[in-house]
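S.K.: So here's final-v7.txt (compact mmCIF, C-alpha atoms).
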```
# COMPACT_ATOMS: atom_id res chain seq x y z
CA MET B 4 -13.93 5.31 0.68
CA ASP B 5 -15.83 8.46 1.68
CA ARG B 6 -13.85 10.69 -0.69
CA PHE B 7 -13.24 8.28 -3.56
CA ASP B 8 -15.79 9.75 -5.98
CA THR B 9 -14.79 13.37 -5.45
CA ALA B 10 -11.05 12.93 -4.94
CA VAL B 11 -10.44 10.34 -7.66
CA LEU B 12 -13.25 9.36 -10.01
CA LYS B 13 -14.51 12.84 -10.87
CA HIS B 14 -11.06 13.58 -12.34
CA HIS B 15 -11.14 10.56 -14.70
CA PRO B 16 -7.46 9.75 -14.09
CA ASP B 17 -5.38 7.70 -16.50
CA TRP B 18 -3.36 6.20 -13.64
CA VAL B 19 -4.22 5.69 -9.98
CA THR B 20 -1.96 4.44 -7.23
CA ILE B 21 -3.72 2.68 -4.39
CA ASN B 22 -1.75 2.52 -1.18
CA PHE B 23 -3.84 1.64 1.85
CA GLY B 24 -3.37 -0.64 4.79
CA LEU B 25 -1.51 0.98 7.65
CA ASN B 26 -4.44 2.83 9.19
CA ASP B 27 -6.89 0.15 8.07
CA ALA B 28 -4.94 -2.59 9.84
CA TYR B 29 -4.40 -0.64 13.05
CA GLN B 30 -5.79 -2.26 16.19
CA ASP B 31 -6.88 0.62 18.41
CA LYS B 32 -7.51 -1.58 21.43
CA GLY B 33 -4.33 -3.64 21.22
CA ALA B 34 -3.32 -7.22 20.51
CA GLY B 35 -6.05 -9.65 19.54
CA THR B 36 -8.59 -6.92 18.79
CA PRO B 37 -10.18 -6.01 15.47
CA SER B 38 -8.54 -3.74 12.96
CA ARG B 39 -10.14 -0.43 12.07
CA ILE B 40 -11.14 -1.94 8.72
CA PRO B 41 -11.37 -5.74 8.93
CA LEU B 42 -9.25 -7.53 6.33
CA LYS B 43 -12.30 -8.93 4.51
CA GLN B 44 -13.78 -5.42 4.12
CA PHE B 45 -10.37 -4.00 3.18
CA LYS B 46 -10.15 -6.44 0.27
CA LYS B 47 -13.69 -5.59 -0.83
CA ASN B 48 -12.83 -1.88 -0.72
CA ILE B 49 -9.67 -2.32 -2.79
CA GLU B 50 -11.51 -4.40 -5.37
CA TYR B 51 -14.29 -1.79 -5.55
CA PHE B 52 -11.72 0.97 -6.18
CA ILE B 53 -10.10 -1.10 -8.93
CA ARG B 54 -13.42 -1.85 -10.64
CA GLN B 55 -14.50 1.78 -10.63
CA ILE B 56 -11.16 3.05 -11.95
CA GLU B 57 -11.02 0.43 -14.68
CA LYS B 58 -14.66 1.11 -15.61
CA GLN B 59 -13.53 4.65 -16.50
CA GLY B 60 -10.58 3.32 -18.50
CA GLY B 61 -7.95 4.10 -15.86
CA HIS B 62 -4.99 1.95 -14.91
CA VAL B 63 -4.20 0.90 -11.35
CA ILE B 64 -0.90 0.48 -9.56
CA LEU B 65 -1.29 -1.23 -6.20
CA LEU B 66 1.19 -0.61 -3.42
CA THR B 67 1.52 -2.76 -0.36
CA PRO B 68 1.64 -0.92 2.93
CA ASN B 69 5.21 -0.39 4.05
CA PRO B 70 6.45 -2.34 7.06
CA LEU B 71 6.45 -0.84 10.51
CA GLY B 72 9.55 0.30 12.32
CA SER B 73 10.77 -0.91 15.69
CA ARG B 74 8.58 1.42 17.72
CA PHE B 75 5.60 -0.82 17.02
CA GLU B 76 4.81 -4.15 18.63
CA GLN B 77 5.20 -7.37 16.63
CA PHE B 78 1.45 -8.05 16.64
CA ARG B 79 0.94 -4.78 14.77
CA ALA B 80 3.60 -5.65 12.19
CA ASP B 81 2.03 -9.07 11.75
CA ARG B 82 -1.37 -7.51 11.13
CA VAL B 83 0.00 -5.06 8.56
CA LYS B 84 1.79 -7.93 6.83
CA ALA B 85 -1.58 -9.66 6.35
CA TYR B 86 -2.85 -6.54 4.57
CA ALA B 87 0.30 -6.43 2.42
CA ASP B 88 -0.23 -10.08 1.52
CA ALA B 89 -3.82 -9.31 0.53
CA ILE B 90 -2.63 -6.57 -1.84
CA ARG B 91 -0.08 -8.93 -3.40
CA LYS B 92 -2.79 -11.53 -4.02
CA ILE B 93 -5.21 -9.02 -5.54
CA ALA B 94 -2.49 -7.65 -7.83
CA LYS B 95 -1.56 -11.13 -9.00
CA ARG B 96 -5.13 -12.29 -9.52
CA LYS B 97 -6.11 -9.13 -11.41
CA HIS B 98 -2.80 -8.82 -13.31
CA LEU B 99 -2.16 -5.33 -11.95
CA TYR B 100 1.07 -3.46 -11.47
CA LEU B 101 2.39 -3.89 -7.95
CA ILE B 102 4.89 -1.95 -5.94
CA ASP B 103 5.77 -4.11 -2.98
CA SER B 104 6.80 -1.34 -0.61
CA TRP B 105 7.16 -3.88 2.18
CA GLN B 106 9.77 -5.83 0.23
CA LEU B 107 11.42 -2.68 -1.18
CA PHE B 108 12.05 -1.35 2.31
CA TYR B 109 13.43 -4.62 3.66
CA ASN B 110 15.62 -5.21 0.60
CA TYR B 111 17.04 -1.70 0.77
CA ALA B 112 17.72 -1.78 4.51
CA ASN B 113 19.42 -5.16 4.21
CA ALA B 114 21.53 -4.10 1.22
CA GLN B 115 22.62 -0.94 3.04
CA HIS B 116 23.26 -2.84 6.29
CA GLN B 117 20.98 -0.34 8.02
CA PRO B 118 18.07 -0.83 10.36
CA LEU B 119 14.64 -0.54 8.77
CA ASP B 120 13.97 2.51 10.97
CA THR B 121 16.35 4.59 8.84
CA LEU B 122 13.58 4.71 6.19
CA PHE B 123 10.97 6.29 8.48
CA THR B 124 10.35 9.61 10.18
CA ASP B 125 8.47 7.94 13.04
CA SER B 126 8.51 4.13 12.51
CA ILE B 127 5.50 4.33 10.18
CA HIS B 128 5.74 7.23 7.71
CA PRO B 129 8.50 6.99 5.11
CA ASN B 130 11.17 9.67 5.16
CA ASP B 131 12.69 11.14 1.98
CA GLU B 132 14.77 8.01 1.39
CA GLY B 133 11.72 5.76 1.80
CA HIS B 134 9.65 7.93 -0.53
CA GLN B 135 12.48 7.86 -3.07
CA LEU B 136 12.35 4.05 -3.16
CA ILE B 137 8.64 4.18 -3.93
CA ALA B 138 9.05 7.01 -6.47
CA ASP B 139 11.78 5.06 -8.29
CA ALA B 140 9.51 2.00 -8.47
CA LEU B 141 6.65 4.15 -9.81
CA TYR B 142 8.96 5.67 -12.39
CA GLN B 143 10.00 2.21 -13.58
CA ILE B 144 6.38 1.31 -14.27
CA LEU B 145 5.24 4.59 -15.77
CA SER B 146 8.32 5.16 -17.93
CA THR B 147 7.74 1.91 -19.81
CA GLN B 148 4.12 2.72 -20.68
CA GLY B 149 4.84 5.01 -23.64
CA GLN B 150 7.06 2.47 -25.38
```
For the file at hand, write its structure as structure tokens.
M.R.:
Amino acid sequence: MDRFDTAVLKHHPDWVTINFGLNDAYQDKGAGTPSRIPLKQFKKNIEYFIRQIEKQGGHVILLTPNPLGSRFEQFRADRVKAYADAIRKIAKRKHLYLIDSWQLFYNYANAQHQPLDTLFTDSIHPNDEGHQLIADALYQILSTQGQ
């Protein structure tokens, strides 16, 4: 939020991908404690970004946060899932493009009969294979826009 004007809006982009949630959802003090950015504020932030981008004539592609690998506790995965669900709902309500990274990762891991962790460098950040899944999904959206 602090850098949005200078890092995004001042460039008047045609397309913007918004992919937040992992750090926002993180519970620094453990299970049952607040997230860094409460879900209600997270949704307000995302909607603000969308409004500002669209006001300039830009298009938005929302991405859900990716799931967490096995290094993280279930309560953390559950919290991130709530943020992914919020992104899905915003995308649907606003008729925006959506890349469901959460679902992409699970579908790929299941199809390859591999653990989800094979898509991460550290149970949270996608490795090259994970980034390729997202890049392919972005390409599918962007390549159809000139037609």
S.K.: List as a PyMOL selection string the residues having at least one atom at most 12 Å from position (8.5, 4.7, -4.0) as given in the file, counting only C-alpha atoms.
M.R.: chain B and resi 20+22+64-69+101-108+111+122+129-144
S.K.: For a test of reading the model, state the distance in Å between atom CA of Val63 of chain B and atom CA of Phe7 of chain B, rounded to one decimal.
M.R.: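 It comes out at 14.0 Å.
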S.K.: Which one of B:Ile49, B:Leu25, B:Ala34, B:Ala94 sits closest to Met4 of chain B if you count all atoms listed in the file?
M.R.: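 Nearest candidate to Met4 of chain B out of B:Ile49, B:Leu25, B:Ala34, B:Ala94: B:Ile49.
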S.K.: Could you please determine the separation between atom CA of Lys84 of chain B and atom CA of Asp27 of chain B in Å, to one decimal place?
M.R.: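 For atom CA of Lys84 of chain B relative to atom CA of Asp27 of chain B, the distance reads 11.9 Å.
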S.K.: Which is closer to Gln77 of chain B than all the others in B:Pro41, B:Gly61, B:Gly35, B:Arg91, using only C-alpha atoms?
M.R.: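 Checking each of B:Pro41, B:Gly61, B:Gly35, B:Arg91 against Gln77 of chain B, counting only C-alpha atoms, the winner is B:Gly35.
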S.K.: I'd like the interatomic distance between atom CA of Tyr109 of chain B and atom CA of Lys47 of chain B, to a tenth of an Å.
M.R.: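 Result for atom CA of Tyr109 of chain B versus atom CA of Lys47 of chain B: 27.5 Å, one decimal.
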